[in-house]
Structures are given as C-alpha cells and as structure tokens.
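What follows is work16.cif (mmCIF, C-alpha atoms).
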```
data_data
#
loop_
_atom_site.label_atom_id
_atom_site.label_comp_id
_atom_site.auth_asym_id
_atom_site.auth_seq_id
_atom_site.Cartn_x
_atom_site.Cartn_y
_atom_site.Cartn_z
CA MET A 1 -8.49 30.74 32.81
CA ASN A 2 -11.28 28.19 33.03
CA LEU A 3 -12.55 27.87 36.60
CA ARG A 4 -15.49 25.59 35.96
CA PRO A 5 -14.95 22.06 37.18
CA HIS A 6 -14.68 19.45 34.49
CA ARG A 7 -17.62 17.12 34.33
CA LYS A 8 -16.68 13.51 34.34
CA LYS A 9 -18.35 11.36 31.78
CA ALA A 10 -20.83 8.87 33.17
CA ILE A 11 -19.48 5.35 33.15
CA GLU A 12 -21.44 3.15 30.81
CA VAL A 13 -21.31 -0.60 31.04
CA ASP A 14 -22.23 -2.38 27.85
CA ILE A 15 -23.91 -5.62 28.90
CA THR A 16 -24.55 -6.87 25.38
CA PRO A 17 -21.53 -9.23 25.40
CA LEU A 18 -22.60 -10.54 28.81
CA ILE A 19 -26.08 -11.33 27.51
CA ASP A 20 -24.55 -13.08 24.49
CA VAL A 21 -22.39 -15.26 26.74
CA VAL A 22 -25.34 -16.13 28.99
CA PHE A 23 -27.45 -17.21 26.01
CA LEU A 24 -24.59 -19.27 24.61
CA LEU A 25 -24.18 -21.03 27.96
CA LEU A 26 -27.92 -21.65 28.12
CA ILE A 27 -27.93 -23.18 24.64
CA PHE A 28 -24.86 -25.27 25.47
CA PHE A 29 -26.44 -26.74 28.60
CA MET A 30 -29.74 -27.39 26.85
CA VAL A 31 -28.00 -29.31 24.07
CA SER A 32 -25.56 -31.21 26.26
CA THR A 33 -27.99 -32.49 28.90
CA THR A 34 -29.21 -36.04 28.75
CA PHE A 35 -32.89 -36.70 28.87
CA ASP A 36 -34.54 -39.64 30.56
CA ARG A 37 -36.82 -41.72 28.43
CA GLU A 38 -40.29 -40.98 29.69
CA THR A 39 -43.04 -43.31 28.65
CA GLN A 40 -46.65 -42.34 28.35
CA ILE A 41 -47.70 -45.81 29.46
CA LYS A 42 -48.21 -46.21 33.20
CA VAL A 43 -46.71 -49.59 34.10
CA GLU A 44 -45.86 -50.65 37.63
CA LEU A 45 -43.16 -53.29 37.21
CA PRO A 46 -42.91 -56.18 39.66
CA GLU A 47 -39.92 -56.50 41.98
CA ALA A 48 -37.21 -59.11 41.48
CA ALA A 49 -33.68 -59.69 42.72
CA GLY A 50 -30.92 -60.14 40.18
CA GLU A 51 -28.41 -58.31 38.07
CA GLU A 52 -29.31 -55.46 35.77
CA ALA A 53 -29.35 -56.45 32.11
CA GLN A 54 -27.49 -54.43 29.52
CA THR A 55 -29.79 -52.55 27.15
CA THR A 56 -28.96 -52.04 23.51
CA ALA A 57 -30.27 -49.62 20.94
CA ASP A 58 -31.72 -52.45 18.86
CA MET A 59 -34.32 -54.18 20.95
CA LEU A 60 -38.00 -54.91 20.81
CA ASP A 61 -39.87 -53.37 23.73
CA ILE A 62 -43.27 -54.93 24.44
CA THR A 63 -45.25 -53.36 27.27
CA ILE A 64 -48.40 -54.78 28.84
CA ASP A 65 -50.41 -52.51 31.13
CA ALA A 66 -52.61 -53.60 34.03
CA SER A 67 -55.67 -54.04 31.80
CA GLY A 68 -53.79 -56.32 29.36
CA THR A 69 -53.33 -53.77 26.55
CA PHE A 70 -50.22 -54.40 24.42
CA TYR A 71 -47.73 -51.73 23.31
CA VAL A 72 -44.94 -52.58 20.87
CA ASN A 73 -42.15 -49.97 21.00
CA GLN A 74 -44.55 -47.52 22.67
CA GLN A 75 -47.20 -47.97 19.94
CA GLU A 76 -50.54 -49.33 21.14
CA VAL A 77 -51.76 -52.54 19.50
CA ILE A 78 -55.39 -52.13 18.45
CA ASN A 79 -56.64 -55.34 20.10
CA THR A 80 -55.40 -58.29 22.13
CA GLU A 81 -55.57 -60.91 19.37
CA ILE A 82 -52.33 -62.84 18.87
CA GLU A 83 -52.37 -62.28 15.08
CA THR A 84 -52.60 -58.51 15.54
CA LEU A 85 -49.76 -58.66 18.05
CA LYS A 86 -47.64 -60.69 15.60
CA LYS A 87 -48.19 -58.10 12.86
CA ALA A 88 -47.16 -55.30 15.22
CA ILE A 89 -44.03 -57.21 16.27
CA ILE A 90 -43.05 -57.91 12.64
CA LYS A 91 -43.53 -54.24 11.75
CA ALA A 92 -41.48 -53.03 14.73
CA ALA A 93 -38.68 -55.57 14.21
CA GLY A 94 -38.21 -54.67 10.55
CA GLY A 95 -37.36 -58.24 9.55
CA LYS A 96 -34.70 -58.77 12.24
CA LYS A 97 -35.26 -61.99 14.17
CA ASP A 98 -32.21 -61.70 16.44
CA LEU A 99 -33.46 -58.68 18.42
CA PRO A 100 -33.81 -59.16 22.17
CA VAL A 101 -37.40 -58.84 23.35
CA ILE A 102 -37.92 -56.89 26.58
CA ILE A 103 -41.31 -57.63 28.17
CA ASN A 104 -42.48 -54.85 30.50
CA ALA A 105 -45.52 -56.33 32.21
CA ASP A 106 -47.38 -54.44 34.91
CA ALA A 107 -47.46 -56.23 38.27
CA LYS A 108 -51.25 -56.53 37.93
CA THR A 109 -51.19 -57.83 34.34
CA PRO A 110 -53.10 -61.07 33.77
CA HIS A 111 -50.72 -63.99 33.22
CA GLN A 112 -52.51 -64.89 30.00
CA SER A 113 -51.45 -61.56 28.46
CA VAL A 114 -47.80 -62.30 29.24
CA MET A 115 -48.15 -65.80 27.79
CA THR A 116 -49.74 -64.34 24.64
CA VAL A 117 -46.72 -62.06 24.14
CA MET A 118 -44.29 -64.92 24.72
CA ASP A 119 -46.20 -67.18 22.30
CA ALA A 120 -46.34 -64.53 19.59
CA ALA A 121 -42.63 -63.72 19.89
CA SER A 122 -41.54 -67.37 19.92
CA GLN A 123 -43.78 -68.25 16.95
CA LEU A 124 -42.09 -65.46 14.99
CA GLY A 125 -38.63 -66.80 15.85
CA PHE A 126 -37.56 -64.44 18.62
CA LEU A 127 -35.55 -66.46 21.12
CA HIS A 128 -34.03 -63.84 23.44
CA MET A 129 -36.76 -62.68 25.84
CA THR A 130 -36.23 -60.74 29.05
CA PHE A 131 -38.65 -59.51 31.69
CA ALA A 132 -38.27 -56.02 33.13
CA ALA A 133 -38.56 -55.64 36.92
CA HIS A 134 -37.58 -53.31 39.75
CA LYS A 135 -35.09 -54.29 42.43
CA PRO A 136 -36.74 -54.81 45.82
CA LYS A 137 -36.48 -51.77 48.09
CA ASN A 138 -35.71 -53.84 51.20
CA PRO A 139 -33.46 -56.80 50.35
#
```
Could you write out this file's structure as structure tokens?
Amino acid sequence: MNLRPHRKKAIEVDITPLIDVVFLLLIFFMVSTTFDRETQIKVELPEAAGEEAQTTADMLDITIDASGTFYVNQQEVINTEIETLKKAIIKAAGGKKDLPVIINADAKTPHQSVMTVMDAASQLGFLHMTFAAHKPKNP
C-alpha cells in the first residue's frame, strides 16, 4: 500500500506560439499601414478657398521655399537661374510634356520666383499648372 500523496505535475504554459502570433500581428500592421508623405522642405503654403484638386502619381512637383530656393520633385536645384531650373524640370519629367505641374510656393516666397517657375514650365511646353494652398481655418 502506497500512502504517500501523489505529487501533481506543475502546469507549464508554452508561450512560444503566443509570441509567434504577436510578432506576426506586428509585422502585418507594420506592412499594412499607410504612411504620410513627409517632406524635408519646410514650406508654409498660403490659404485659399476652393475645391481640392485630385492628385495623380505622375505629376511634376515644384516647391519654392521662403528664400526662393527651387526643389523639383524634392530635389534641390543648385541655383535660381531659369536655365538650371529648365534642366531640372526636363530631367524630372522624363520627356513627358503632359504632366500636371504642382507649384508649392511658400507664403513668403518672392513673386519673381513663382514667375520664374511658371516661365520655365511654359517655355518647356507644360500647360497644366496648379498652385498648392491650404484651406482657410475660419471661412
């Protein structure tokens, strides 16, 4: 006769599958999230009333900061000469003349810089130009 009490085995919980599931969920959410396009160029757009324009994947984005420096598709143009700007636009457009041109001019940009961009784009045959702006906070 065995009078010693039986020892119960300690309950072990294997958390390896739980860790696997957590990592898979983490990877899924990292891959499926959408990221906002953050620009390195600090531009304070002017305010304007109107409807929001539809953006397409194929467009030419020309940004002018407050000091009048040009950026074509987020690439800084080395100087403010119109010929240099034209070369940068041609390179960014890749030979396409029907691309819409989005002009992102800082609210403090000199008007001459905006006119230089418009002249360069129109001389190269770009006809569809749009200005980027923020909607007014208090209508």
Problem - Residue neighbourhood Asp61 of chain A, 9 Å, only C-alpha atoms, exclusion window fewer than 3 positions, as a PyMOL selection string - result: chain A and resi 71-74+100-104
Exercise for the section: Find the residues with any atom within 9 Å of (-51.0, -65.1, 17.4); use only C-alpha atoms and the coordinates as given in the file, and write the answer as a PyMOL selection string. Expected result: chain A and resi 81-87+116-117+119-121+123
Exercise for the section: Write out as JSON, numbers by chain which residues come within 9 Å of segment 113-115 of chain A when counting all atoms listed in the file, dropping same-chain ones fewer than 4 positions away. Expected result: {"A": [64, 68, 69, 70, 80, 103, 105, 109, 119, 120]}
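The spacing separating atom CA of Met129 of chain A from atom CA of Thr63 of chain A amounts to 12.7 Å.
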Fill in the blank from the handout: Separating atom CA of Lys137 of chain A from atom CA of Ala66 of chain A, to the nearest tenth of an Å, is a gap of 21.5 Å
Please write out, as JSON, where the centre of an axis-aligned box around all listed atoms of segment 3-21 of chain A lies and how long its edges are, in Å to one decimal, after adding 3 Å on each side.
```
{"center_x": -19.3, "center_y": 6.3, "center_z": 30.8, "size_x": 19.5, "size_y": 49.1, "size_z": 18.7}
```
